[in-house]
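Everything below belongs to input_32.cif, which stores mmCIF, C-alpha atoms.
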```cif
data_run
#
loop_
_atom_site.label_atom_id
_atom_site.label_comp_id
_atom_site.auth_asym_id
_atom_site.auth_seq_id
_atom_site.Cartn_x
_atom_site.Cartn_y
_atom_site.Cartn_z
CA MET T 345 5.64 5.08 8.85
CA SER T 346 4.11 1.90 7.54
CA TRP T 347 5.87 -1.31 6.67
CA ALA T 348 3.35 -3.07 4.42
CA ALA T 349 0.45 -0.68 3.80
CA HIS T 350 2.31 1.18 1.06
CA ASP T 351 2.84 -2.11 -0.81
CA LEU T 352 -0.79 -3.19 -0.54
CA GLU T 353 -2.76 0.04 -0.91
CA PRO T 354 -2.30 0.15 -4.71
CA TYR T 355 -4.05 -3.24 -5.08
CA VAL T 356 -6.98 -2.11 -2.97
CA ILE T 357 -7.23 1.12 -4.97
CA GLN T 358 -6.90 -0.86 -8.20
CA LYS T 359 -9.81 -3.04 -7.13
CA GLU T 360 -11.99 0.00 -6.45
CA LEU T 361 -11.10 2.02 -9.55
CA GLY T 362 -10.42 -0.66 -12.17
CA LYS T 363 -9.58 0.76 -15.57
CA ARG T 364 -9.62 4.31 -14.33
CA VAL T 365 -6.16 3.99 -12.78
CA ALA T 366 -2.80 2.95 -14.17
CA PHE T 367 -1.14 0.54 -11.77
CA VAL T 368 2.56 1.39 -12.18
CA PRO T 369 2.24 5.14 -11.51
CA LEU T 370 -0.12 4.28 -8.66
CA LEU T 371 2.53 2.01 -7.14
CA VAL T 372 5.37 4.46 -7.78
CA GLY T 373 3.25 7.17 -6.17
CA SER T 374 2.68 4.96 -3.17
CA TYR T 375 6.44 4.44 -2.76
CA ALA T 376 7.51 7.93 -3.85
CA PRO T 377 7.60 9.79 -0.50
CA ASP T 378 10.14 7.35 0.96
CA LEU T 379 11.97 6.52 -2.22
CA LEU T 380 14.83 8.97 -1.84
CA SER T 381 14.86 9.49 1.90
CA LYS T 382 14.31 6.23 3.77
CA TRP T 383 17.82 4.85 3.30
CA PHE T 384 19.26 7.98 4.92
CA VAL T 385 16.83 7.68 7.85
CA TYR T 386 18.11 4.23 8.82
CA GLY T 387 21.60 4.86 7.52
CA VAL T 388 23.89 2.87 5.25
CA THR T 389 27.57 2.05 5.39
CA LEU T 390 29.52 2.63 2.19
CA ALA T 391 33.24 1.80 2.12
CA GLY T 392 33.41 1.98 5.90
CA VAL T 393 31.67 5.34 6.08
CA GLU T 394 28.26 5.47 7.73
CA LEU T 395 25.78 7.76 6.07
CA LYS T 396 22.86 8.62 8.31
CA ALA T 397 20.73 11.65 9.03
CA GLU T 398 21.67 13.51 12.18
CA ASN T 399 18.01 13.84 13.09
CA PRO T 400 16.23 11.04 11.18
CA ALA T 401 12.68 12.11 12.04
CA GLN T 402 13.36 15.73 11.08
CA PHE T 403 14.98 14.62 7.85
CA HIS T 404 12.21 12.16 7.00
CA ARG T 405 9.12 14.18 7.89
CA GLY T 406 10.15 17.68 8.85
CA TRP T 407 11.08 20.98 7.28
CA PRO T 408 13.89 21.70 6.63
CA GLY T 409 14.22 18.11 5.46
CA PHE T 410 12.53 15.72 3.07
CA GLY T 411 9.16 15.95 4.80
CA PHE T 412 7.74 17.83 1.83
CA THR T 413 7.63 14.51 -0.04
CA HIS T 414 4.77 13.53 2.29
CA SER T 415 2.68 16.59 1.42
CA LEU T 416 -0.36 16.58 -0.86
CA ALA T 417 1.14 19.35 -2.97
CA PHE T 418 4.19 17.21 -3.76
CA GLY T 419 1.93 14.57 -5.28
CA VAL T 420 0.13 17.16 -7.38
CA LEU T 421 3.40 18.73 -8.50
CA VAL T 422 4.93 15.42 -9.61
CA GLY T 423 1.58 14.46 -11.17
CA LEU T 424 1.65 17.66 -13.24
CA LEU T 425 5.24 16.93 -14.21
CA LEU T 426 4.24 13.44 -15.35
CA TYR T 427 1.39 14.93 -17.34
CA VAL T 428 3.76 17.34 -19.08
CA ILE T 429 6.06 14.43 -19.97
CA TRP T 430 3.53 11.73 -20.87
CA ARG T 431 0.43 13.74 -21.84
CA ASN T 432 -1.62 11.05 -20.15
CA GLU T 433 -3.96 12.21 -17.40
CA VAL T 434 -4.56 8.67 -16.09
CA VAL T 435 -0.84 8.24 -15.44
CA ALA T 436 -0.69 11.65 -13.74
CA TYR T 437 -3.62 11.25 -11.38
CA SER T 438 -2.78 7.63 -10.62
CA PHE T 439 0.53 8.86 -9.24
CA VAL T 440 -1.28 11.51 -7.21
CA ILE T 441 -3.69 8.93 -5.75
CA GLY T 442 -0.81 6.65 -4.76
CA GLN T 443 1.21 9.47 -3.21
CA TRP T 444 -1.79 10.81 -1.30
CA ALA T 445 -2.53 7.33 0.03
CA HIS T 446 1.01 7.21 1.40
CA ALA T 447 0.80 10.70 2.91
CA PHE T 448 -2.53 9.97 4.63
CA THR T 449 -1.37 6.56 5.89
CA ASP T 450 1.69 8.06 7.56
CA VAL T 451 -0.52 10.47 9.47
CA GLY T 452 -1.18 7.47 11.74
CA ASP T 453 2.13 7.60 13.63
CA THR T 454 3.32 10.02 16.31
CA VAL T 455 5.21 12.30 13.93
CA GLY T 456 2.65 12.51 11.14
CA THR T 457 3.06 14.31 7.84
CA MET T 458 3.10 17.90 6.58
CA LEU T 459 -0.03 17.40 4.52
CA LEU T 460 -0.56 21.07 3.72
CA PHE T 461 3.04 22.03 3.01
CA PRO T 462 4.06 24.61 1.65
CA PHE T 463 1.11 26.53 3.11
CA THR T 464 2.09 25.35 6.57
CA ASP T 465 4.83 23.10 7.95
CA HIS T 466 2.40 21.81 10.54
CA LEU T 467 2.60 18.02 11.08
CA PHE T 468 -0.78 16.29 11.12
CA ALA T 469 -0.44 13.28 13.38
CA ALA T 470 -3.03 10.84 14.70
CA GLY T 471 -0.37 9.38 17.02
CA ALA T 472 -1.72 5.83 16.90
CA TRP T 473 1.68 4.16 16.82
CA ALA T 474 5.20 5.25 17.77
CA TYR T 475 7.59 6.76 15.26
CA ALA T 476 10.95 5.17 16.08
CA GLY T 477 12.90 5.45 12.83
CA GLN T 478 15.79 7.06 14.72
CA THR T 479 16.41 3.82 16.65
CA GLY T 480 17.51 1.94 13.54
CA ARG T 481 15.78 -0.56 11.33
CA TYR T 482 15.61 -3.53 13.70
CA VAL T 483 14.31 -1.75 16.81
CA ASP T 484 11.93 0.22 14.60
CA ALA T 485 10.65 -3.04 13.15
CA GLY T 486 10.26 -4.55 16.61
CA ALA T 487 8.38 -1.47 17.82
CA TYR T 488 6.20 -1.17 14.75
CA PHE T 489 5.16 -4.82 14.87
CA SER T 490 4.36 -4.55 18.59
CA GLY T 491 2.05 -1.53 18.41
CA LEU T 492 -1.02 -0.50 16.47
CA GLY T 493 1.09 -0.05 13.34
CA PHE T 494 1.05 -3.72 12.50
CA VAL T 495 -2.71 -3.79 13.11
CA TRP T 496 -3.14 -1.00 10.58
CA ASP T 497 -0.98 -2.90 8.10
CA GLY T 498 -3.00 -6.01 8.94
CA VAL T 499 -6.13 -4.21 7.75
CA PHE T 500 -4.49 -3.80 4.34
CA VAL T 501 -3.24 -7.38 4.33
CA VAL T 502 -6.81 -8.62 4.87
CA TRP T 503 -8.28 -6.06 2.48
CA GLY T 504 -5.64 -6.99 -0.11
CA ILE T 505 -6.45 -10.69 0.22
CA LEU T 506 -10.16 -9.91 -0.09
CA SER T 507 -9.28 -8.09 -3.31
CA TRP T 508 -7.83 -11.33 -4.72
CA ARG T 509 -9.54 -10.83 -8.07
CA VAL T 510 -7.12 -8.07 -9.04
CA LEU T 511 -4.28 -10.60 -8.76
CA THR T 512 -5.69 -12.99 -11.34
CA ARG T 513 -4.18 -13.31 -14.78
CA GLY T 514 -7.49 -12.55 -16.48
CA TYR T 515 -7.92 -9.30 -14.56
CA PHE T 516 -4.34 -8.31 -15.36
CA ARG T 517 -4.89 -8.98 -19.06
CA THR T 518 -8.27 -7.28 -19.33
CA THR T 519 -8.09 -4.41 -16.88
CA VAL T 520 -4.53 -3.63 -15.75
CA MET T 521 -2.86 -3.90 -19.16
CA ALA T 522 -5.63 -1.98 -20.85
CA ALA T 523 -5.28 1.01 -18.55
CA ASP T 524 -1.52 1.20 -18.07
CA PRO T 525 0.81 2.02 -20.97
CA PHE T 526 3.80 0.58 -19.06
CA TRP T 527 2.56 -3.00 -19.32
CA ARG T 528 1.81 -2.68 -23.02
CA TRP T 529 5.36 -1.42 -23.57
CA ALA T 530 6.91 -4.10 -21.33
CA GLY T 531 4.78 -6.74 -23.04
CA ARG T 532 6.85 -6.27 -26.19
CA TYR T 533 9.92 -7.62 -24.41
CA LEU T 534 8.68 -9.87 -21.62
CA SER T 535 6.38 -12.87 -21.43
CA GLU T 536 2.97 -12.54 -19.80
CA THR T 537 4.07 -14.81 -16.94
CA THR T 538 6.92 -12.41 -16.16
CA LEU T 539 4.65 -9.37 -16.37
CA VAL T 540 2.10 -10.95 -14.04
CA ALA T 541 4.85 -11.88 -11.57
CA LEU T 542 6.13 -8.29 -11.61
CA TYR T 543 2.58 -6.99 -11.18
CA ARG T 544 2.08 -9.25 -8.17
CA ALA T 545 5.53 -8.54 -6.67
CA SER T 546 4.44 -5.72 -4.35
CA PHE T 547 1.56 -7.77 -3.02
CA PHE T 548 3.94 -10.65 -2.43
CA TYR T 549 6.41 -8.29 -0.77
CA GLY T 550 3.79 -6.61 1.43
CA VAL T 551 2.14 -9.77 2.73
CA GLY T 552 5.46 -11.63 2.95
CA ARG T 553 7.34 -9.00 4.91
CA TRP T 554 4.38 -8.25 7.18
CA THR T 555 4.21 -11.91 8.19
CA ALA T 556 7.98 -12.40 8.39
CA TRP T 557 8.63 -9.29 10.49
CA LEU T 558 5.78 -10.22 12.81
CA ILE T 559 7.30 -13.69 13.35
CA TRP T 560 10.77 -12.22 13.70
CA ALA T 561 9.69 -9.63 16.27
CA HIS T 562 7.74 -12.01 18.52
CA VAL T 563 9.13 -15.49 17.94
CA VAL T 564 12.80 -14.98 17.07
CA ARG T 565 13.07 -11.87 19.26
CA SER T 566 10.86 -11.05 22.21
CA PHE T 567 9.59 -7.52 21.68
CA PRO T 568 6.59 -7.07 23.98
CA PHE T 569 3.22 -6.20 22.46
CA ASP T 570 1.79 -2.84 23.49
CA LEU T 571 -1.40 -2.07 21.60
CA ARG T 572 -2.17 1.14 23.47
CA TRP T 573 -2.63 4.35 21.51
CA GLY T 574 0.79 5.80 20.66
CA GLY T 575 2.54 2.57 21.64
CA PRO T 576 4.65 0.70 22.13
CA HIS T 577 5.69 2.85 25.04
CA TRP T 578 8.91 0.96 25.69
CA VAL T 579 10.54 2.49 22.62
CA PRO T 580 11.89 6.06 22.56
CA ARG T 581 9.46 7.70 20.15
CA VAL T 582 9.48 11.02 18.37
CA THR T 583 6.35 13.16 18.39
CA ALA T 584 5.17 15.89 16.04
CA ASP T 585 5.62 18.68 18.58
CA GLU T 586 9.35 17.83 18.87
CA LEU T 587 9.83 18.75 15.23
CA ASN T 588 8.71 21.81 13.36
CA ALA T 589 5.11 21.96 14.60
CA ALA T 590 4.05 24.28 17.37
CA PRO T 591 3.66 22.45 20.71
CA ALA T 592 0.12 21.55 21.83
CA CYS T 593 -1.45 22.72 18.62
CA ARG T 594 -5.14 23.62 18.86
CA CYS T 595 -5.88 23.70 15.15
CA PRO T 596 -9.04 21.84 14.05
CA GLY T 597 -6.92 19.30 12.15
CA CYS T 598 -4.98 18.22 15.24
CA CYS T 599 -7.97 18.38 17.58
CA SER T 600 -9.87 16.07 15.27
CA MET T 601 -6.99 13.62 15.43
CA LYS T 602 -7.14 13.08 19.17
CA PRO T 603 -7.99 9.41 19.80
CA ARG T 604 -11.57 9.79 21.00
CA LEU T 605 -12.54 12.42 18.46
CA GLY T 606 -10.73 10.41 15.79
CA PHE T 607 -12.76 7.34 16.73
CA TYR T 608 -16.05 9.25 16.59
CA GLY T 609 -14.98 10.74 13.27
CA ALA T 610 -14.16 7.28 11.88
CA VAL T 611 -17.57 5.94 12.99
CA ALA T 612 -19.29 8.93 11.35
CA VAL T 613 -17.33 8.46 8.12
CA CYS T 614 -18.20 4.74 8.05
CA ALA T 615 -21.87 5.50 8.65
CA VAL T 616 -21.95 8.10 5.87
CA ALA T 617 -19.99 5.80 3.54
CA LYS T 618 -22.40 2.94 4.19
CA GLY T 619 -25.37 5.19 3.53
CA ARG T 620 -23.85 6.48 0.32
CA ALA T 621 -22.47 3.17 -0.88
CA GLY T 622 -25.43 2.68 -3.19
CA SER T 623 -25.15 6.05 -4.83
CA ILE T 624 -21.35 5.69 -5.22
CA ARG T 625 -21.84 2.31 -6.86
CA GLU T 626 -24.37 3.84 -9.24
CA LEU T 627 -21.95 6.66 -10.00
CA LEU T 628 -19.17 4.19 -10.76
CA ARG T 629 -21.46 2.07 -12.90
CA SER T 630 -22.46 5.04 -14.98
CA ALA T 631 -18.81 5.94 -15.66
CA PRO T 632 -18.16 5.67 -19.40
CA ARG T 633 -14.97 3.59 -19.18
CA ARG T 634 -16.62 0.69 -17.43
CA ALA T 635 -19.57 0.20 -19.69
CA GLY T 636 -19.17 -3.59 -19.66
CA ARG T 637 -19.45 -3.96 -15.93
CA GLY T 638 -22.24 -1.52 -15.35
CA SER T 639 -24.50 -2.73 -18.11
CA VAL T 640 -26.13 -5.49 -16.09
CA PRO T 641 -27.18 -4.51 -12.58
CA ARG T 642 -26.37 -7.10 -9.94
CA ARG T 643 -29.13 -8.57 -7.86
CA ARG T 644 -28.79 -9.94 -4.37
CA LYS T 645 -29.80 -13.50 -3.74
CA GLY T 646 -33.42 -13.76 -2.70
CA ALA T 647 -34.16 -10.08 -3.28
CA SER T 648 -37.68 -9.62 -4.59
CA SER T 649 -37.51 -5.94 -5.46
CA PRO T 650 -35.41 -4.54 -8.31
CA PRO T 651 -31.84 -3.65 -7.31
CA GLY T 652 -31.39 -0.14 -5.98
CA SER T 653 -35.10 0.40 -5.34
CA ASN T 654 -34.64 0.45 -1.54
CA ARG T 655 -31.76 2.87 -1.71
CA SER T 656 -33.50 5.26 -4.04
CA ALA T 657 -36.55 5.21 -1.77
CA GLY T 658 -34.39 6.05 1.25
CA MET L 175 -15.67 -14.67 -16.28
CA ARG L 176 -16.49 -11.08 -15.31
CA ALA L 177 -16.26 -8.03 -17.53
CA ASP L 178 -13.01 -6.96 -15.84
CA GLY L 179 -11.40 -10.29 -16.74
CA ALA L 180 -11.41 -11.73 -13.22
CA PRO L 181 -13.00 -15.11 -12.51
CA SER L 182 -16.54 -14.87 -11.19
CA SER L 183 -15.82 -17.02 -8.14
CA LEU L 184 -12.90 -18.16 -6.02
CA ARG L 185 -13.67 -21.76 -6.95
CA GLU L 186 -13.33 -20.94 -10.63
CA ALA L 187 -10.06 -19.10 -10.00
CA LEU L 188 -8.63 -22.00 -8.02
CA ALA L 189 -9.70 -24.52 -10.63
CA ARG L 190 -7.92 -22.55 -13.32
CA GLY L 191 -4.76 -21.49 -11.50
CA ARG L 192 -4.17 -24.14 -8.86
CA ARG L 193 -0.67 -24.95 -10.01
CA GLU L 194 0.30 -21.30 -10.25
CA LEU L 195 -1.10 -20.58 -6.78
CA ALA L 196 0.86 -23.52 -5.35
CA LEU L 197 4.02 -22.12 -6.91
CA TYR L 198 3.44 -18.69 -5.37
CA LEU L 199 2.59 -20.17 -1.98
CA ALA L 200 5.75 -22.29 -2.00
CA ALA L 201 7.79 -19.23 -2.98
CA GLY L 202 6.06 -17.27 -0.19
CA ALA L 203 6.77 -19.93 2.43
CA LEU L 204 10.45 -20.00 1.50
CA TYR L 205 10.55 -16.19 1.47
CA LEU L 206 9.16 -16.17 5.01
CA ALA L 207 11.68 -18.75 6.17
CA ILE L 208 14.62 -16.84 4.70
CA GLY L 209 13.23 -13.52 5.93
CA VAL L 210 12.77 -14.70 9.50
CA ALA L 211 16.25 -16.23 9.57
CA ALA L 212 17.91 -13.25 7.87
CA PRO L 213 15.71 -10.12 8.06
CA GLU L 214 18.08 -8.23 5.73
CA PHE L 215 16.38 -10.22 2.99
CA LEU L 216 13.15 -8.32 3.72
CA PHE L 217 14.63 -4.85 3.40
CA THR L 218 14.02 -3.98 -0.22
CA TRP L 219 11.38 -4.43 -2.89
CA VAL L 220 14.04 -5.18 -5.50
CA VAL L 221 15.21 -8.30 -3.66
CA ALA L 222 11.60 -9.49 -3.24
CA ALA L 223 10.76 -8.91 -6.90
CA GLY L 224 13.97 -10.59 -8.05
CA TYR L 225 13.34 -13.52 -5.76
CA LEU L 226 9.76 -13.87 -7.02
CA LEU L 227 10.85 -13.79 -10.65
CA LEU L 228 13.46 -16.41 -9.91
CA MET L 229 11.01 -18.70 -8.15
CA VAL L 230 7.91 -18.42 -10.33
CA VAL L 231 9.36 -17.61 -13.75
CA ALA L 232 13.02 -18.61 -14.13
CA LEU L 233 13.07 -21.80 -12.08
CA PRO L 234 9.96 -23.39 -13.68
CA PHE L 235 11.34 -22.38 -17.10
CA VAL L 236 14.68 -24.11 -16.41
CA ILE L 237 12.93 -27.21 -15.04
CA ARG L 238 10.69 -27.40 -18.13
CA ARG L 239 13.75 -27.13 -20.37
CA LEU L 240 15.59 -29.86 -18.50
CA ARG L 241 12.63 -32.21 -18.71
CA ARG L 242 12.43 -31.99 -22.48
#
```
Could you render the structure as structure tokens?
Amino acid sequence: MSWAAHDLEPYVIQKELGKRVAFVPLLVGSYAPDLLSKWFVYGVTLAGVELKAENPAQFHRGWPGFGFTHSLAFGVLVGLLLYVIWRNEVVAYSFVIGQWAHAFTDVGDTVGTMLLFPFTDHLFAAGAWAYAGQTGRYVDAGAYFSGLGFVWDGVFVVWGILSWRVLTRGYFRTTVMAADPFWRWAGRYLSETTLVALYRASFFYGVGRWTAWLIWAHVVRSFPFDLRWGGPHWVPRVTADELNAAPACRCPGCCSMKPRLGFYGAVAVCAVAKGRAGSIRELLRSAPRRAGRGSVPRRRKGASSPPGSNRSAG
Amino acid sequence: MRADGAPSSLREALARGRRELALYLAAGALYLAIGVAAPEFLFTWVVAAGYLLLMVVALPFVIRRLRR
């Protein structure tokens, strides 16, 4: 599980896709997998009765349980449902993108997600940080902010801050409102200042809680840092093979998620992405909905050759 | 100003929205202080959104009204 990434991913995606995504369905999609299940994982007390899952990890990520909400098919299914209701493909696929971002992010912990459910109930897990939802909210927070989980969230905090342009009022007015019917509807009842504050709320929440939990875990309390793979090892963690997946799975998906192979894979993906960055940018520029941005090619400072000439030659 | 409505540079953005940024930063600092002292405050998005609306929309509105 992630504590801040799901709040911040939509802003990063918004920055990359601009008018081609609708922010509210993107955000709802990003929260959707945990929306109905997380409270039952940690438990709540209502009128003196404690409601909590008997096996929180199984309930949250497994099958039988609510683990199907973390599958790619769930996102597509709800996306189709939204399309049937709204008849707006941008709303539908924005939800799918948000939900997929959540499902892929949660692959990082030791339980992982059933990405390919219902075709298989196999849990794809990178195992980078410990899943400790069964220990309760406070110990889970202490563990998460002591292992690689908070580093992963930190990537999105930094990336989100680097995407500061999407938080500006001008961007909201020109790009976010134009693409998302929700804001146009809400704009009939609320002032622009209120709309902008609501739009920024998840960013505020993500950065704020990431910082506050980090301080709480290591200044107020003294949870020890353990940045080893699968850590922290002082917390009782749940792993994928304890749930519905077959033990010691040899499928290509799981083998590729072993730390070393995962690292090599990440390096390869970065190298390919860097090599293709030029062509992706060109592709995005040529997209019809962003005619304004793509009309004037940008030129690097001090570059003597026309932009893109080096890339096309390579 | 860029085609997507965002300012072309951070300097331009800060020049235009300095007061607003200060308001958000102050709200953020208080949110952190409350959150560290009482982590229950950090549990839900609804509380954070409500708090933000109170701090950056409602409170400045009330103060403006009182000043008139």
TODO: Compare L:Ala201, L:Leu195, L:Val221, L:Val231 by their minimum atom-to-atom distance to chain T, counting all atoms listed in the file, and give me the closest one.
DONE: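 Using all atoms listed in the file, the shortest distance to chain T belongs to L:Val231.
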With only C-alpha atoms counted, which protein, DNA or RNA residues have an atom no more than 8 Å from (0.0, 12.9, -3.2) in the file frame? Please answer as an mmCIF file with C-alpha atoms, in the frame of the given file.
```cif
data_model
loop_
_atom_site.group_PDB
_atom_site.id
_atom_site.type_symbol
_atom_site.label_atom_id
_atom_site.label_comp_id
_atom_site.auth_asym_id
_atom_site.auth_seq_id
_atom_site.Cartn_x
_atom_site.Cartn_y
_atom_site.Cartn_z
ATOM 1 C CA GLY T 373 3.250 7.170 -6.170
ATOM 2 C CA HIS T 414 4.770 13.530 2.290
ATOM 3 C CA SER T 415 2.680 16.590 1.420
ATOM 4 C CA LEU T 416 -0.360 16.580 -0.860
ATOM 5 C CA ALA T 417 1.140 19.350 -2.970
ATOM 6 C CA PHE T 418 4.190 17.210 -3.760
ATOM 7 C CA GLY T 419 1.930 14.570 -5.280
ATOM 8 C CA VAL T 420 0.130 17.160 -7.380
ATOM 9 C CA PHE T 439 0.530 8.860 -9.240
ATOM 10 C CA VAL T 440 -1.280 11.510 -7.210
ATOM 11 C CA ILE T 441 -3.690 8.930 -5.750
ATOM 12 C CA GLY T 442 -0.810 6.650 -4.760
ATOM 13 C CA GLN T 443 1.210 9.470 -3.210
ATOM 14 C CA TRP T 444 -1.790 10.810 -1.300
ATOM 15 C CA ALA T 445 -2.530 7.330 0.030
ATOM 16 C CA HIS T 446 1.010 7.210 1.400
ATOM 17 C CA ALA T 447 0.800 10.700 2.910
#
```
Open item on the list: As an exercise, work out the distance from atom CA of T:Val551 to atom CA of L:Phe235 in Å and give it to one decimal place.
Closed with: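 Here the two named atoms are 25.2 Å from each other.
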Open item on the list: Considering only C-alpha atoms, can you say which of L:Arg185, L:Tyr198, L:Arg190, L:Leu206 comes closest to L:Leu228?
Closed with: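 Of all the options, L:Tyr198 lies closest to L:Leu228.
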Open item on the list: Tell me as number ranges by chain which residues belonging to chain L come within 8 Å of chain T, counting only C-alpha atoms.
Closed with: L: 176-181, 187, 202, 205-207, 209-211, 213, 216, 219, 222-223, 226-227, 230-231
- [ ] Give as a list of chain:residue names the residues that the PyMOL selection byres ((chain T and resi 397) around 10) matches when applied to the coordinates above.
- [x] T:Ser381, T:Lys382, T:Trp383, T:Phe384, T:Val385, T:Tyr386, T:Gly387, T:Glu394, T:Leu395, T:Lys396, T:Glu398, T:Asn399, T:Pro400, T:Ala401, T:Gln402, T:Phe403, T:His404, T:Gly409, T:Gln478
Go ahead and write the residues just picked, C-alpha atoms, as a PDB file, in the coordinates of the input.
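Contents of the output file selection_12.pdb:
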```
ATOM      1  CA  SER T 381      14.860   9.490   1.900  1.00  0.00           C
ATOM      2  CA  LYS T 382      14.310   6.230   3.770  1.00  0.00           C
ATOM      3  CA  TRP T 383      17.820   4.850   3.300  1.00  0.00           C
ATOM      4  CA  PHE T 384      19.260   7.980   4.920  1.00  0.00           C
ATOM      5  CA  VAL T 385      16.830   7.680   7.850  1.00  0.00           C
ATOM      6  CA  TYR T 386      18.110   4.230   8.820  1.00  0.00           C
ATOM      7  CA  GLY T 387      21.600   4.860   7.520  1.00  0.00           C
ATOM      8  CA  GLU T 394      28.260   5.470   7.730  1.00  0.00           C
ATOM      9  CA  LEU T 395      25.780   7.760   6.070  1.00  0.00           C
ATOM     10  CA  LYS T 396      22.860   8.620   8.310  1.00  0.00           C
ATOM     11  CA  GLU T 398      21.670  13.510  12.180  1.00  0.00           C
ATOM     12  CA  ASN T 399      18.010  13.840  13.090  1.00  0.00           C
ATOM     13  CA  PRO T 400      16.230  11.040  11.180  1.00  0.00           C
ATOM     14  CA  ALA T 401      12.680  12.110  12.040  1.00  0.00           C
ATOM     15  CA  GLN T 402      13.360  15.730  11.080  1.00  0.00           C
ATOM     16  CA  PHE T 403      14.980  14.620   7.850  1.00  0.00           C
ATOM     17  CA  HIS T 404      12.210  12.160   7.000  1.00  0.00           C
ATOM     18  CA  GLY T 409      14.220  18.110   5.460  1.00  0.00           C
ATOM     19  CA  GLN T 478      15.790   7.060  14.720  1.00  0.00           C
TER      20      GLN T 478
END
```
Open item on the list: With distances taken over only C-alpha atoms, which residue among L:Ser182, L:Leu197, L:Ile208, L:Leu188 lies nearest L:Leu233?
Closed with: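 Among the listed residues, the smallest separation from L:Leu233 belongs to L:Leu197.
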Task: Pairwise distance for atom CA of T:Leu467 and atom CA of T:Ala584, rounded to one decimal in Å - done: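 So the two atoms, atom CA of T:Leu467 and atom CA of T:Ala584, lie 6.0 Å apart.
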Open item on the list: If the PyMOL selection byres ((chain T and resi 586-588) around 7) were run on this exact file, what residues would it hold? Put them as a PyMOL selection string.
Closed with: chain T and resi 402+406-407+465-466+582-585+589-590
- [ ] Give as a VMD selection string the residues that the PyMOL selection byres ((chain T and resi 365) around 6) matches when applied to the coordinates above.
- [x] chain T and resid 363 to 364 366 434 438
Could you write those residues out with C-alpha atoms, as a JSON list (two decimals), in the coordinates of the input?
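So the final result, stored in selection-v9.json, reads:
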```json
[["chain", "number", "residue", "atom", "x", "y", "z"],
["T", 363, "LYS", "CA", -9.58, 0.76, -15.57],
["T", 364, "ARG", "CA", -9.62, 4.31, -14.33],
["T", 366, "ALA", "CA", -2.80, 2.95, -14.17],
["T", 434, "VAL", "CA", -4.56, 8.67, -16.09],
["T", 438, "SER", "CA", -2.78, 7.63, -10.62]]
```
Task: Pick from T:Ala485, T:Ala523, T:Ala469, T:Ala612 nearest to T:Thr454, counting only C-alpha atoms - done: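 The answer is T:Ala469, which sits nearest to T:Thr454.
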Open item on the list: I need the residue nearest T:Thr413 from this list: T:Tyr427, T:Tyr355, T:Phe461, T:Phe489. Use all atoms listed in the file for the distance.
Closed with: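 Under the stated criterion, the closest residue is T:Phe461.
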Task: Between atom CA of T:Ile429 and atom CA of L:Val220, distance in Å (one decimal) - done: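 Going from atom CA of T:Ile429 over to atom CA of L:Val220, I get 25.6 Å.
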Edge lengths and centre, in Å to one decimal, as AutoDock Vina command-line options: that's what I need for the box along x, y and z that holds all listed atoms of stretch 216-235 of chain L plus 6 Å on each side.
```
--center_x 11.6 --center_y -13.7 --center_z -6.7 --size_x 19.3 --size_y 31.4 --size_z 32.8
```
